[in-house]
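Here the structure is laid out as structure tokens; the discussion comes afterwards.
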Amino acid sequence: MNEFVTINHGSGGRQAQELIKKVFADRFMMEEPLTDSAFISAHNSGTAFTTDSYVIDPIFFPGGNIGKLAVCGTVNDLAVSGADPAFISASFIIEEGFPVDELEIIAASMADEALNAGVRIITGDTKVVGKGKCDRLFITTSGIGYLKEGRIFLGRGELVKPSDKLIINGPLGNHSVAVLGARTHAPFSTSVVSDCSCLNHMIKRVLDNTKSVRFMRDITRGGLAAVANELCHITGLGVSVIEEAVPVDEPVRGICEVFGFDPLNMANEGKILMVVGPEESQEVLRIMHSDPAGKEAAMIGEVLEENQKVVVMNTRAGGRRIIDLPSGAQLPRIC
Amino acid sequence: MNGVFMKYIDEYRDSKLIETLARSIKSAAEGLYTFMEVCGGHTAAIHRFGIRDILPQNIRLISGPGCPVCVTGKDFIDRAIAMSGIDNCIMATYGDLMRVPGSLFSLEKANASGADIRVVFSALEALDLAERFPERKIIFLGIGFETTAPGTAVALCKAEEKNIRNFFVLSAHKLMPPAMEAIIKDGTGINGFICPGHVATITGSSAFEFISGRYGTACVVTGFEPVDILQSVLMLVNQVNAGMPAVEIQYTRAVTIHGNLRARKYLGQVFEPGDAIWRGLGIVPESGLVLRDRYGRFDASSVFPLSVVTKDDDGKCICGDILRGLRTPSDCTLFGKVCIPSDPVGACMVSDEGACNIFYRYGKHE
């Protein structure tokens with residue numbers, strides 16, 4: 001018989017304990033007894049700390065699910081700061097009636113992804129809410145990562161200089177298109193698969209073998225447009241992007257053309273922007289190209305002294321245009 | 001398109017071809033030329049590909065009233081918001097209408113404050129809602145030009161065929177050629193029109209004959225890629241130089257003289273022309289599409305008669321002049337300051353195809 005999450009699973013009693021143990025704790029290899037806090041020892045060289053919530057519709061999509069997304073998102077947030085991801089907490093808000101087997105699939109993919117990334121899920125929580133009080137399942141994660149001796153926190157961009165190169169690790173927009181195509185009343189169906197993946201190993205190889213990585217961000221909501229604008233904003237410098245150099249897969253480009261979306265504004269879950277010194281840009285590309293997550297890495301532009309705080313795109317047609325921060329959700333156009 | 005790769009259109013973005021065209025335009029252009037792109041899709045493409053940078057300075061491109069969202073009167077939004085409050089109503093709309101400001105607020109805000117307003121990709125998707133929720137009233141907001149109106153017509157024919165009783169359309173569909181005529185009559189000194197390629201796919205190029213015939217304005221029906229637009233500019237320059245205005249088709253891969261006869265048949269069956277309010281142009285005779293009597297029971301405006309009070313536009317907003325090609329967004333004192341895409345004052349700032357929105361996104365530095 002199919003099992004469903006009921007309000008009783010949220011009562012804190014026996015059923016709650018069974019659900020937590022069966023679905024989550026065993027898979028996450030949490031140590032018994034389950035305590036109110038996980039205990040971790042201090043680390044001297046610097047700690048990065050992040051948190052994020054995941055509310056995606058649909059929760060299963062080609063290339064992943066909400067659980068895999070939560071682990072990858074947290075791991076990547078830590079990795080782009082220059083930290084090695086170590087521990088994750090995960091909190092689940094579950095709508096009454098949610099099938100337990102689906103919850104198990106989600107927990108299993110979280111466990112797999114955590115294992116691959118070399119992080120441990122060490123503490124968590126579940127709450128059950130009545131029907132209609134949440135949309136199936138929400139997950140909130142936090143993550144802790146450590147900065148290796150000699151490594152610097154890369155989130156602030158203070159080292160970025162003019163003529164530094166912009167590198168991304170592959171084509172943009174696949175996650176957005178895969179998720180849109182998976183919705184119940186999607187206007188199209190597509191073979192595009194989300195790029196949802198942990199990038200910490202690739203990032204670590206780049207950081208271990210080069211010296212001039214000056215800034216990193218994962219390119220999630222708001223797309224490259226948002227990240228490039230943020231780079232301009234925090235450094236006070238300009239950025240130029242070469243349209244022809246930005247990799248976008250053919251089906252993604254097609255769907256963007258039809259619906260009036262801009263691949264530069266679309267969300268990704270396995271892409272980063274890395275800013276590196278010009279002397280090491282080829283080496284960074286070479287390292288990325290040898291990693292499964294960076295096979296299609298490309299140099300897409302550079303940091304400029306001029307055009308301060310503005311992202312300029314050199315278009316395929318030979319013209320120039322501004323890339324602005326995306327505003328609000330992307331709405332499909334009329335015609 | 002499942003599993004099949006769409007053939008993309010890089011041929012029309014070829015930088016060598018673009019350079020060649022730009023050189024030909026430069027050597028052909030002898031005086032000053034003002035061309036209007038009527039379609040918002042063209043305005044977007046011109047900015048997205050940076051085409052103004054490629055053209056010589058004596059060719060001026062101005063944007064016309066071709067964004068369906070922008071020309072939709074404020075009263076329509078007010079009426080739609082009022083209707084979204086009807087008991088058991090699901091309002092279905094194309095996405096970009098969500099953020100258009102009405103007198104008090106937008107559909108997006110109405111949705112956040114409890115109305116059930118859903119974004120659909122087609123009129124048929126709205127009809128599908130009607131079949132799935134027979135106890136609810138589904139009101140589809142029919143906006144757009146000859147491009148989207150046939151879709152609404154097909155949905156209404158299907159609704160009639162299946163005897164669906166809970167599907168309604170609030171139509172603000174509009175026709176492009178009468179608006180182009182109104183702009184010429186306004187005296188904006190346009191030498192030629194970059195005619196809307198997608199509209200012409202339905203209407204055929206013949207719909208624009210009267211513009212070159214009666215008013216002597218050059219017309220080229222144009223595609224949406226950089227090569228298309230530059231080739232059309234060259235064709236327009238040559239027409240003006242020769243003093244022989246005519247309707248030419250540049251977008252031959254999609255447009256014929258008579259257009260899509262089947263779509264036109266549906267349009268004629270369901271709609272008849274009526275006067276319509278255009279933001280910026282006011283009432284343009286015979287420029288709207290009104291449901292014929294036979295489809296009266298689907299007509300939301302008569303089934304749910306509501307009286308709606310619409311406030312006058314902000315006196316400082318110049319969307320009206322922008323839509324007529326008289327002024328550009330940078331002439332507006334609100335532009336980029338009070339009026340921005342996330343908090344638009346005028347409709348031109350809302351849609352991805354609105355002139356102000358496009359100028360803001362792509363050209364803030366100019």
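Identifiers for the structure tokens are assigned positionally: chains receive A, B, ... in sequence, residues are indexed from 1 per chain, and ligands are indexed from 1 in the order shown.
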
Against chain B, which residues of chain A fall within 12 Å? For each one I want the closest pair of atoms and the distance in Å (one decimal), counting only C-alpha atoms, rows by chain and increasing residue number, as a tab-separated table.
residue	atom	partner	partner_atom	distance
A:Gly181	CA	B:Asn2	CA	10.2
A:Thr184	CA	B:Glu125	CA	11.8
A:His185	CA	B:Glu125	CA	8.2
A:Ala186	CA	B:Phe121	CA	8.7
A:Pro187	CA	B:Phe121	CA	6.5
A:Phe188	CA	B:Met1	CA	7.3
A:Ser189	CA	B:Asn2	CA	5.4
A:Thr190	CA	B:Asn2	CA	5.1
A:Ser191	CA	B:Gly3	CA	5.4
A:Val192	CA	B:Gly3	CA	8.6
A:Val193	CA	B:Gly3	CA	11.6
A:Ala225	CA	B:Arg361	CA	10.9
A:Ile242	CA	B:Phe49	CA	11.9
A:Glu243	CA	B:Phe49	CA	9.6
A:Glu244	CA	B:Arg13	CA	10.4
A:Val248	CA	B:Tyr8	CA	11.9
A:Asp249	CA	B:Phe5	CA	9.9
A:Glu250	CA	B:Phe5	CA	6.9
A:Pro251	CA	B:Phe5	CA	5.8
A:Val252	CA	B:Phe5	CA	9.6
A:Arg253	CA	B:Tyr8	CA	8.0
A:Gly254	CA	B:Met6	CA	6.2
A:Ile255	CA	B:Met6	CA	8.8
A:Cys256	CA	B:Tyr8	CA	11.3
A:Glu257	CA	B:Tyr8	CA	9.4
A:Val258	CA	B:Met6	CA	10.6
A:Phe259	CA	B:Phe121	CA	9.0
A:Gly260	CA	B:Asp352	CA	8.1
A:Phe261	CA	B:Asp352	CA	9.4
A:Asp262	CA	B:Arg48	CA	10.2
A:Asn265	CA	B:Arg361	CA	12.0
A:Asn307	CA	B:His365	CA	8.7
A:Gln308	CA	B:His365	CA	10.6
A:Lys309	CA	B:His365	CA	10.7
A:Val310	CA	B:His365	CA	8.3
A:Val311	CA	B:Tyr362	CA	10.0
A:Val312	CA	B:Tyr362	CA	8.9
A:Met313	CA	B:Gly50	CA	9.1
A:Asn314	CA	B:Gly50	CA	8.4
A:Thr315	CA	B:Phe49	CA	5.6
A:Arg316	CA	B:Ser15	CA	6.6
A:Ala317	CA	B:Ser15	CA	5.3
A:Gly318	CA	B:Ser15	CA	6.6
A:Gly319	CA	B:Gly50	CA	4.1
A:Arg320	CA	B:Gly50	CA	4.9
A:Arg321	CA	B:Tyr362	CA	5.2
A:Ile322	CA	B:Tyr362	CA	4.4
A:Ile323	CA	B:Tyr362	CA	6.2
A:Asp324	CA	B:Arg361	CA	5.3
A:Leu325	CA	B:Arg361	CA	8.0
A:Pro326	CA	B:Arg361	CA	8.4
A:Ser327	CA	B:Ser342	CA	5.6
A:Gly328	CA	B:Ser342	CA	6.3
A:Ala329	CA	B:Ser342	CA	9.8
A:Gln330	CA	B:Gly95	CA	8.6
A:Leu331	CA	B:Gly95	CA	4.9
A:Pro332	CA	B:Gly95	CA	5.3
A:Arg333	CA	B:Asp96	CA	5.6
A:Ile334	CA	B:Tyr94	CA	6.0
A:Cys335	CA	B:Thr147	CA	6.9

For Leu124 of chain B: contacts at 8 Å, only C-alpha atoms, fewer than 3 positions along chain excluded, given as a PyMOL selection string = chain B and resi 127-128+151-152+154-155

Keeping only N, CA and C atoms, write the selected residues as a tab-separated table (two decimals), in the first residue's frame.
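The result, written out as again.tsv:
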chain	number	residue	atom	x	y	z
B	127	LEU	N	-9.05	27.83	-22.71
B	127	LEU	CA	-10.24	27.01	-22.96
B	127	LEU	C	-10.13	25.68	-22.21
B	128	ASP	N	-8.91	25.17	-22.16
B	128	ASP	CA	-8.65	23.93	-21.42
B	128	ASP	C	-8.99	24.11	-19.93
B	151	GLY	N	-5.76	32.98	-32.80
B	151	GLY	CA	-5.77	31.98	-31.73
B	151	GLY	C	-7.01	32.12	-30.87
B	152	THR	N	-7.37	33.36	-30.55
B	152	THR	CA	-8.59	33.59	-29.78
B	152	THR	C	-9.81	33.13	-30.59
B	154	VAL	N	-9.97	30.80	-32.87
B	154	VAL	CA	-10.04	29.34	-32.90
B	154	VAL	C	-10.61	28.82	-31.57
B	155	ALA	N	-10.15	29.41	-30.46
B	155	ALA	CA	-10.65	28.97	-29.15
B	155	ALA	C	-12.16	29.19	-29.06

As a compact mmCIF listing (two decimals) with all heavy atoms, in the first residue's frame, please: the residues near segment 40-42 of chain A (cut-off 10 Å, only C-alpha atoms, same-chain neighbours under 4 positions excluded).
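Contents of the output file result.txt:
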# COMPACT_ATOMS: atom_id res chain seq x y z
N GLY A 46 39.31 29.88 8.75
CA GLY A 46 38.17 30.64 8.23
C GLY A 46 37.04 29.71 7.85
O GLY A 46 37.25 28.62 7.34
N THR A 47 35.83 30.14 8.14
CA THR A 47 34.66 29.31 7.92
C THR A 47 33.66 30.08 7.07
O THR A 47 33.41 31.25 7.32
CB THR A 47 33.99 28.96 9.27
OG1 THR A 47 34.98 28.38 10.11
CG2 THR A 47 32.84 28.00 9.11
N PHE A 87 29.71 20.56 5.91
CA PHE A 87 28.49 20.09 6.58
C PHE A 87 27.25 20.82 6.06
O PHE A 87 27.31 22.00 5.72
CB PHE A 87 28.61 20.33 8.09
CG PHE A 87 29.79 19.64 8.71
CD1 PHE A 87 30.87 20.36 9.20
CD2 PHE A 87 29.80 18.25 8.79
CE1 PHE A 87 31.96 19.70 9.76
CE2 PHE A 87 30.89 17.59 9.36
CZ PHE A 87 31.97 18.32 9.85
N ILE A 122 24.32 16.66 8.51
CA ILE A 122 24.51 16.26 9.90
C ILE A 122 23.38 16.66 10.83
O ILE A 122 23.31 16.19 11.95
CB ILE A 122 25.84 16.80 10.48
CG1 ILE A 122 25.93 18.30 10.26
CG2 ILE A 122 27.02 16.07 9.89
CD1 ILE A 122 27.05 18.92 11.07
N TYR A 146 35.01 25.15 4.99
CA TYR A 146 36.24 25.70 5.56
C TYR A 146 37.18 26.20 4.48
O TYR A 146 37.29 25.59 3.42
CB TYR A 146 36.95 24.64 6.40
CG TYR A 146 36.10 24.18 7.56
CD1 TYR A 146 35.73 22.84 7.69
CD2 TYR A 146 35.64 25.09 8.50
CE1 TYR A 146 34.94 22.42 8.73
CE2 TYR A 146 34.85 24.67 9.56
CZ TYR A 146 34.50 23.34 9.67
OH TYR A 146 33.72 22.93 10.70

message = Could you check the closest approach to Arg151 of chain A for each of A:Asp112, A:Asp52, A:Glu96, A:Asp208 and tell me which residue wins, using only C-alpha atoms?
response = A:Asp208

message = I'd like the contact shell of Pro171 of chain A - 9 Å cut-off, only C-alpha atoms, skipping same-chain residues fewer than 3 positions apart - returned as a ChimeraX atom specification.
response = /A:168,174,246-249,271,296-298

request  = Using DSSP on the backbone, list every residue of segment 94-250 of chain A that comes out as alpha helix (DSSP H), and give them as a PyMOL selection string.
outcome  = chain A and resi 100-117+174-182+200-209+223-235+250

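Considering the residues A:Ala25, A:Cys196, A:Leu237, A:Ala245 and counting only C-alpha atoms, Gly63 of chain A has its shortest atom-to-atom contact with A:Cys196.
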
key: All residues 8 Å or closer to Leu69 of chain A, only C-alpha atoms, same chain fewer than 5 positions away omitted, as a ChimeraX atom specification   = /A:54,64,196-197,269

key: strand (DSSP E) call set, DSSP backbone run, segment 29-268 of chain A, as a ChimeraX atom specification   = /A:47-54,60-61,64-65,84-95,120-129,137-146,165-168,213-218,238-242

Determine, counting only C-alpha atoms, which protein, DNA and RNA residues have an atom within 8 Å of an atom of Ala179 of chain B; residues of the same chain fewer than 2 positions away are not included. Present the result as a short mmCIF file (atom, residue, chain, number, x, y, z; two decimals) with N, CA, C and O atoms, in the first residue's frame.
data_model
loop_
_atom_site.label_atom_id
_atom_site.label_comp_id
_atom_site.auth_asym_id
_atom_site.auth_seq_id
_atom_site.Cartn_x
_atom_site.Cartn_y
_atom_site.Cartn_z
N PRO B 65 3.63 52.04 -32.42
CA PRO B 65 2.69 51.53 -31.42
C PRO B 65 2.52 50.02 -31.47
O PRO B 65 1.43 49.51 -31.25
N LEU B 175 -6.11 45.91 -34.73
CA LEU B 175 -5.60 45.76 -36.09
C LEU B 175 -4.51 46.80 -36.33
O LEU B 175 -4.65 47.95 -35.93
N MET B 176 -3.45 46.36 -36.98
CA MET B 176 -2.30 47.23 -37.14
C MET B 176 -2.44 48.30 -38.23
O MET B 176 -2.12 49.47 -37.98
N PRO B 177 -2.90 47.95 -39.44
CA PRO B 177 -2.90 48.97 -40.50
C PRO B 177 -3.65 50.26 -40.14
O PRO B 177 -3.14 51.35 -40.44
N GLU B 181 -2.10 54.14 -40.24
CA GLU B 181 -2.73 55.26 -40.95
C GLU B 181 -2.91 56.45 -40.00
O GLU B 181 -2.62 57.59 -40.36
N ALA B 182 -3.34 56.16 -38.77
CA ALA B 182 -3.54 57.24 -37.79
C ALA B 182 -2.23 57.97 -37.53
O ALA B 182 -2.21 59.20 -37.37
N ILE B 183 -1.13 57.25 -37.51
CA ILE B 183 0.17 57.87 -37.25
C ILE B 183 0.58 58.77 -38.42
O ILE B 183 1.07 59.88 -38.22
N LEU B 281 -2.86 56.93 -28.90
CA LEU B 281 -3.49 57.38 -30.14
C LEU B 281 -4.94 57.78 -29.93
O LEU B 281 -5.54 58.43 -30.78
N VAL B 284 -9.20 55.00 -32.43
CA VAL B 284 -8.88 54.84 -33.85
C VAL B 284 -10.02 54.04 -34.49
O VAL B 284 -10.30 52.91 -34.08
N SER B 287 -10.35 49.95 -35.75
CA SER B 287 -9.04 49.38 -35.49
C SER B 287 -9.08 48.29 -34.43
O SER B 287 -8.04 47.74 -34.07
#

Give me the residues near segment 156-158 of chain B as a CSV table (one decimal) with N, CA, C and O atoms, in the first residue's frame, where near means some atom within 9 Å (using only C-alpha atoms) and where sequence neighbours in that chain fewer than 3 positions away do not count.
chain,number,residue,atom,x,y,z
B,123,ALA,N,-4.8,30.9,-26.1
B,123,ALA,CA,-6.2,31.0,-25.8
B,123,ALA,C,-6.7,29.6,-25.6
B,123,ALA,O,-7.6,29.3,-24.8
B,124,LEU,N,-6.2,28.6,-26.3
B,124,LEU,CA,-6.6,27.2,-26.1
B,124,LEU,C,-6.3,26.7,-24.7
B,124,LEU,O,-7.0,25.9,-24.2
B,127,LEU,N,-9.1,27.8,-22.7
B,127,LEU,CA,-10.2,27.0,-23.0
B,127,LEU,C,-10.1,25.7,-22.2
B,127,LEU,O,-11.1,25.2,-21.7
B,151,GLY,N,-5.8,33.0,-32.8
B,151,GLY,CA,-5.8,32.0,-31.7
B,151,GLY,C,-7.0,32.1,-30.9
B,151,GLY,O,-7.7,31.1,-30.5
B,152,THR,N,-7.4,33.4,-30.6
B,152,THR,CA,-8.6,33.6,-29.8
B,152,THR,C,-9.8,33.1,-30.6
B,152,THR,O,-10.7,32.5,-30.0
B,153,ALA,N,-9.8,33.4,-31.9
B,153,ALA,CA,-10.9,33.0,-32.8
B,153,ALA,C,-11.1,31.5,-32.8
B,153,ALA,O,-12.2,31.0,-32.6
B,161,GLU,N,-18.3,24.9,-30.6
B,161,GLU,CA,-18.5,23.5,-31.1
B,161,GLU,C,-18.7,22.5,-29.9
B,161,GLU,O,-19.6,21.6,-30.0
B,162,LYS,N,-18.0,22.7,-28.8
B,162,LYS,CA,-18.1,21.8,-27.7
B,162,LYS,C,-19.1,22.3,-26.7
B,162,LYS,O,-19.3,21.7,-25.6
B,163,ASN,N,-19.8,23.4,-27.0
B,163,ASN,CA,-20.8,23.9,-26.2
B,163,ASN,C,-20.4,24.2,-24.8
B,163,ASN,O,-21.0,23.8,-23.8
B,164,ILE,N,-19.2,24.8,-24.7
B,164,ILE,CA,-18.6,25.2,-23.4
B,164,ILE,C,-19.3,26.5,-22.9
B,164,ILE,O,-19.3,27.5,-23.6
B,167,PHE,N,-16.7,29.7,-20.6
B,167,PHE,CA,-15.5,30.4,-21.2
B,167,PHE,C,-15.9,31.7,-21.8
B,167,PHE,O,-16.9,31.8,-22.6
B,168,PHE,N,-15.1,32.8,-21.5
B,168,PHE,CA,-15.5,34.1,-21.9
B,168,PHE,C,-14.2,34.8,-22.4
B,168,PHE,O,-13.1,34.5,-21.9
B,169,VAL,N,-14.4,35.8,-23.3
B,169,VAL,CA,-13.2,36.5,-23.8
B,169,VAL,C,-13.5,38.0,-23.6
B,169,VAL,O,-14.6,38.5,-23.9
B,266,TYR,N,-10.9,32.5,-40.0
B,266,TYR,CA,-11.3,32.4,-38.6
B,266,TYR,C,-11.6,33.8,-38.0
B,266,TYR,O,-12.6,34.0,-37.3
B,269,GLN,N,-14.8,35.1,-39.3
B,269,GLN,CA,-16.0,34.4,-38.7
B,269,GLN,C,-16.3,34.9,-37.3
B,269,GLN,O,-17.5,35.0,-37.0
B,270,VAL,N,-15.3,35.2,-36.5
B,270,VAL,CA,-15.5,35.4,-35.1
B,270,VAL,C,-15.6,36.9,-34.8
B,270,VAL,O,-16.4,37.4,-34.0
B,295,TYR,N,-21.3,35.2,-31.4
B,295,TYR,CA,-20.4,34.7,-30.3
B,295,TYR,C,-20.7,35.6,-29.1
B,295,TYR,O,-19.9,35.6,-28.1
B,298,PHE,N,-20.1,34.6,-25.4
B,298,PHE,CA,-18.8,34.4,-24.9
B,298,PHE,C,-18.1,35.8,-24.6
B,298,PHE,O,-17.0,35.8,-24.1

query = So how many Å separate atom CA of Phe98 of chain A and atom CA of Thr123 of chain A, to one decimal?
reply = 21.9 Å

message = Using only C-alpha atoms, can you tell me which of A:Thr50, A:Asn229, A:Leu166, A:His201 comes closest to Thr140 of chain A?
response = A:Thr50
